[in-house]
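Read through the structure below, which is laid out as structure tokens, and then see the notes.
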Amino acid sequence: MAMGADPSEDEVRAALDAQLARRNGKGSGRTAADFSLTRLHLLDASITRYVEQRTEATRHEPGAVDLADRPVYDVLRDHELGPDEKPLHKPLDLVRRGTVHIRSCGCGNGRQQCPDCKGMTYRTCEPAQPCPVCEGVSPCSQYLKHGGLPGTPPRPPKARKAANPEERVTCDACHTPDSACPGCRGWGRVKCERCQARGRIPCGPCKATGTVTCGTCKGHGRTTSWTAGRIVWERRTEKVTHPDPWPRRVANDLGAGDWRTDRLGAGDPLPEDLSDDHRAVLAPHLRKLKGEQDRTVVIKRLTVVRATPRGSGNRDYYLFRGCSGQLEVLARISDEGRGKAVAAAVAAVVLLVLVLLLVN
């Protein structure tokens, strides 16, 4: 028996008889002759296409770009792909003939003026900052005597932490005891910790050099431009199944079946033994798309036989060929059996309710 071949009726009934004998005991109960057989021809196919798209754009890159390994073209739409140029896994980048130009960058040497410090190598900073303790609001309670004369320039001290911010100390400006903030000693401002009251800090982005790497040429001092063509084969996969539904009660078990698999390339004919129903299902999906360059068609088929008891019965059986080549036989509760189980459950609930009512 060939792997993947449809099981014959004799083979199905023999496997079903063996299953029934194991379940009911030899010589007792139903036999395969008591079941009607229905064949389900399942189809699981996929069509993977490679659809081509061609685009063209002007590229600019810093420095001298090595483009020697890229194919050269004149008219992108007329370029014929070589045997090693098919972009199955990644885009194919090309260069239009005569469009490569290397130019000097306007920066001259790969550096440009730092936009943060405007080439000054430093940034301005406020020499004094508000006192972190009194925030410059109440540095000294002796406003009239503070600083000696109106307009006396402040002499902010170094910032200090106050153990008890609510306590007052002697003011450095008017020398009044218990009148000044302990953080600034009456001045209201303290030296900036970043610049130490010098009024400037080194520029960070340029590291105090006044220049930064040119963003256009990335420090190379020149740029390369060219017309770049790109050919992409977009991969599109389409699934095709038989319109008849798969047997729901064994759907999760069908993966272990011996699916007959055919793999076809572009231009290959459909298998000769493919049924008319399956051909009719596949045909609308096999039309060539615009820009399609290649395709792979995978057709998987499996025959499942459903054995239904004639007359009354609680179980159906599903048979299909497994990976070992032998028939797998799966028993599932039938619609009739499911209905009986539901009726029994309802009857049990009704009986329980009646008993409870009588007891109460």
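Every chain in the structure tokens has a letter given in the order shown (A, B, ...), and although residue numbers restart at 1 in each chain, ligands are simply numbered from 1 in the order shown.
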Among range 256-288 of chain A, which residues does DSSP mark as helix (DSSP H, G or I) when it is run on the backbone? Keep the chain and numbering as in the structure and answer as an MDAnalysis selection string.
chainID A and resid 256 276:285
Sorted per-residue table, range 32-58 of chain A near range 71-94 of chain A, closest atoms and distance, 10 Å, only C-alpha atoms, as JSON lines:
```
{"residue": "A:Tyr50", "atom": "CA", "partner": "A:Leu88", "partner_atom": "CA", "distance": 7.6}
{"residue": "A:Glu52", "atom": "CA", "partner": "A:Pro87", "partner_atom": "CA", "distance": 9.0}
{"residue": "A:Gln53", "atom": "CA", "partner": "A:Pro91", "partner_atom": "CA", "distance": 9.8}
{"residue": "A:Arg54", "atom": "CA", "partner": "A:Arg77", "partner_atom": "CA", "distance": 7.2}
{"residue": "A:Thr55", "atom": "CA", "partner": "A:Leu76", "partner_atom": "CA", "distance": 8.1}
{"residue": "A:Glu56", "atom": "CA", "partner": "A:Leu76", "partner_atom": "CA", "distance": 7.7}
```
Give the answer as one residue: which of A:Pro130, A:Gly311, A:Gly210, A:Pro205 has the shortest atom-to-atom distance to Cys184 in chain A, using only C-alpha atoms?
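With only C-alpha atoms as the atom set, the closest residue is A:Pro130.
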Phe320 in chain A surroundings by only C-alpha atoms, 7 Å radius, close-in-sequence under 4 positions cut, as a ChimeraX atom specification:
/A:257,303-305,327-328
Restrict the selected residues to C-alpha atoms and save them as an mmCIF file, in the first residue's frame.
```
data_model
loop_
_atom_site.group_PDB
_atom_site.id
_atom_site.type_symbol
_atom_site.label_atom_id
_atom_site.label_comp_id
_atom_site.auth_asym_id
_atom_site.auth_seq_id
_atom_site.Cartn_x
_atom_site.Cartn_y
_atom_site.Cartn_z
ATOM 1 C CA GLY A 257 -2.374 11.931 9.317
ATOM 2 C CA THR A 303 -9.106 11.192 2.990
ATOM 3 C CA VAL A 304 -11.098 10.776 6.199
ATOM 4 C CA VAL A 305 -13.812 8.100 6.378
ATOM 5 C CA LEU A 327 -5.324 3.345 9.576
ATOM 6 C CA GLU A 328 -6.063 5.431 12.650
#
```
As an MDAnalysis selection string, which residues of range 189-330 of chain A does DSSP assign to strand (DSSP E)?
chainID A and resid 189:191 200:202 211:213 222:241 260:265 292:309 315:321 327:330
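Picture a line from CA of Gly108 in chain A to CA of Cys203 in chain A; it runs 22.7 Å.
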Please provide the set of residues having any atom within 12 Å of Cys214 in chain A, restricted to only C-alpha atoms, with same-chain residues fewer than 2 positions apart removed, written as a VMD selection string.
chain A and resid 62 to 63 105 to 115 206 211 to 212 216 to 223
What is the CA of Ala128 in chain A to CA of Lys191 in chain A distance in Å?
4.7 Å
Which residue out of A:Thr241, A:Thr48, A:Asn24, A:Ser141 has the minimum interatomic distance to Leu289 in chain A when only C-alpha atoms are used?
A:Thr48
Return the single residue from A:Thr213, A:Ser8, A:Thr124, A:Thr308 that is closest to Arg198 in chain A, with distances computed using only C-alpha atoms.
A:Thr124
Exercise: Ser225 in chain A partners within 10 Å, only C-alpha atoms, chain neighbours under 2 positions left out, as a PDB file with N, CA and C atoms, in the first residue's frame:
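File produced: around19.pdb:
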```
ATOM      1  N   THR A  58      17.231  58.939  -5.602  1.00  0.00           N
ATOM      2  CA  THR A  58      18.580  59.495  -5.470  1.00  0.00           C
ATOM      3  C   THR A  58      19.062  59.299  -4.044  1.00  0.00           C
ATOM      4  N   ARG A  59      20.259  58.766  -3.891  1.00  0.00           N
ATOM      5  CA  ARG A  59      20.820  58.479  -2.568  1.00  0.00           C
ATOM      6  C   ARG A  59      22.009  59.393  -2.306  1.00  0.00           C
ATOM      7  N   HIS A  60      22.142  59.810  -1.047  1.00  0.00           N
ATOM      8  CA  HIS A  60      23.292  60.597  -0.601  1.00  0.00           C
ATOM      9  C   HIS A  60      23.843  59.924   0.650  1.00  0.00           C
ATOM     10  N   GLU A  61      25.129  59.612   0.649  1.00  0.00           N
ATOM     11  CA  GLU A  61      25.758  58.959   1.791  1.00  0.00           C
ATOM     12  C   GLU A  61      27.064  59.684   2.129  1.00  0.00           C
ATOM     13  N   PRO A  62      27.436  59.727   3.425  1.00  0.00           N
ATOM     14  CA  PRO A  62      28.703  60.373   3.792  1.00  0.00           C
ATOM     15  C   PRO A  62      29.904  59.559   3.353  1.00  0.00           C
ATOM     16  N   GLY A  63      30.989  60.262   3.032  1.00  0.00           N
ATOM     17  CA  GLY A  63      32.226  59.595   2.669  1.00  0.00           C
ATOM     18  C   GLY A  63      32.193  59.046   1.255  1.00  0.00           C
ATOM     19  N   ALA A  64      33.214  58.241   0.936  1.00  0.00           N
ATOM     20  CA  ALA A  64      33.302  57.577  -0.366  1.00  0.00           C
ATOM     21  C   ALA A  64      32.689  56.187  -0.231  1.00  0.00           C
ATOM     22  N   VAL A  65      31.583  55.939  -0.900  1.00  0.00           N
ATOM     23  CA  VAL A  65      30.847  54.680  -0.786  1.00  0.00           C
ATOM     24  C   VAL A  65      31.300  53.732  -1.894  1.00  0.00           C
ATOM     25  N   THR A  99      25.794  57.848 -12.777  1.00  0.00           N
ATOM     26  CA  THR A  99      25.171  58.762 -11.794  1.00  0.00           C
ATOM     27  C   THR A  99      25.961  58.875 -10.501  1.00  0.00           C
ATOM     28  N   VAL A 100      27.106  58.195 -10.384  1.00  0.00           N
ATOM     29  CA  VAL A 100      27.876  58.234  -9.136  1.00  0.00           C
ATOM     30  C   VAL A 100      28.758  59.483  -9.122  1.00  0.00           C
ATOM     31  N   HIS A 101      28.605  60.303  -8.074  1.00  0.00           N
ATOM     32  CA  HIS A 101      29.402  61.528  -7.942  1.00  0.00           C
ATOM     33  C   HIS A 101      29.895  61.651  -6.505  1.00  0.00           C
ATOM     34  N   ILE A 102      31.191  61.940  -6.352  1.00  0.00           N
ATOM     35  CA  ILE A 102      31.778  62.195  -5.037  1.00  0.00           C
ATOM     36  C   ILE A 102      32.068  63.690  -4.949  1.00  0.00           C
ATOM     37  N   ARG A 103      31.489  64.348  -3.955  1.00  0.00           N
ATOM     38  CA  ARG A 103      31.619  65.796  -3.822  1.00  0.00           C
ATOM     39  C   ARG A 103      32.207  66.155  -2.463  1.00  0.00           C
ATOM     40  N   THR A 223      30.940  63.632   0.325  1.00  0.00           N
ATOM     41  CA  THR A 223      29.739  62.804   0.244  1.00  0.00           C
ATOM     42  C   THR A 223      29.678  62.129  -1.123  1.00  0.00           C
ATOM     43  N   THR A 227      22.100  57.519  -8.312  1.00  0.00           N
ATOM     44  CA  THR A 227      20.718  57.088  -8.538  1.00  0.00           C
ATOM     45  C   THR A 227      20.649  55.594  -8.245  1.00  0.00           C
ATOM     46  N   ALA A 228      19.866  55.256  -7.237  1.00  0.00           N
ATOM     47  CA  ALA A 228      19.791  53.874  -6.764  1.00  0.00           C
ATOM     48  C   ALA A 228      18.494  53.219  -7.227  1.00  0.00           C
TER      49      ALA A 228
END
```
For Leu40 in chain A, which residue out of A:Asp116, A:Asp262, A:Asp244, A:Glu11 is the nearest one, using only C-alpha atoms?
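Among A:Asp116, A:Asp262, A:Asp244, A:Glu11, it is A:Asp244 that comes nearest to Leu40 in chain A.
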What is the CA of Arg39 in chain A-CA of Arg306 in chain A distance in Å, reported with one decimal?
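CA of Arg306 in chain A lies 6.4 Å from CA of Arg39 in chain A.
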Option closest in space to Pro182 in chain A, from A:Ser275, A:Ser312, A:Gln196, A:Asn164 [counting only C-alpha atoms]
A:Asn164
Can you work out which one of A:Pro271, A:Pro165, A:Gly199, A:Gly313 has the shortest atom-to-atom distance to Val133 in chain A, counting only C-alpha atoms?
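Going through A:Pro271, A:Pro165, A:Gly199, A:Gly313 one by one, the smallest distance to Val133 in chain A is for A:Pro165.
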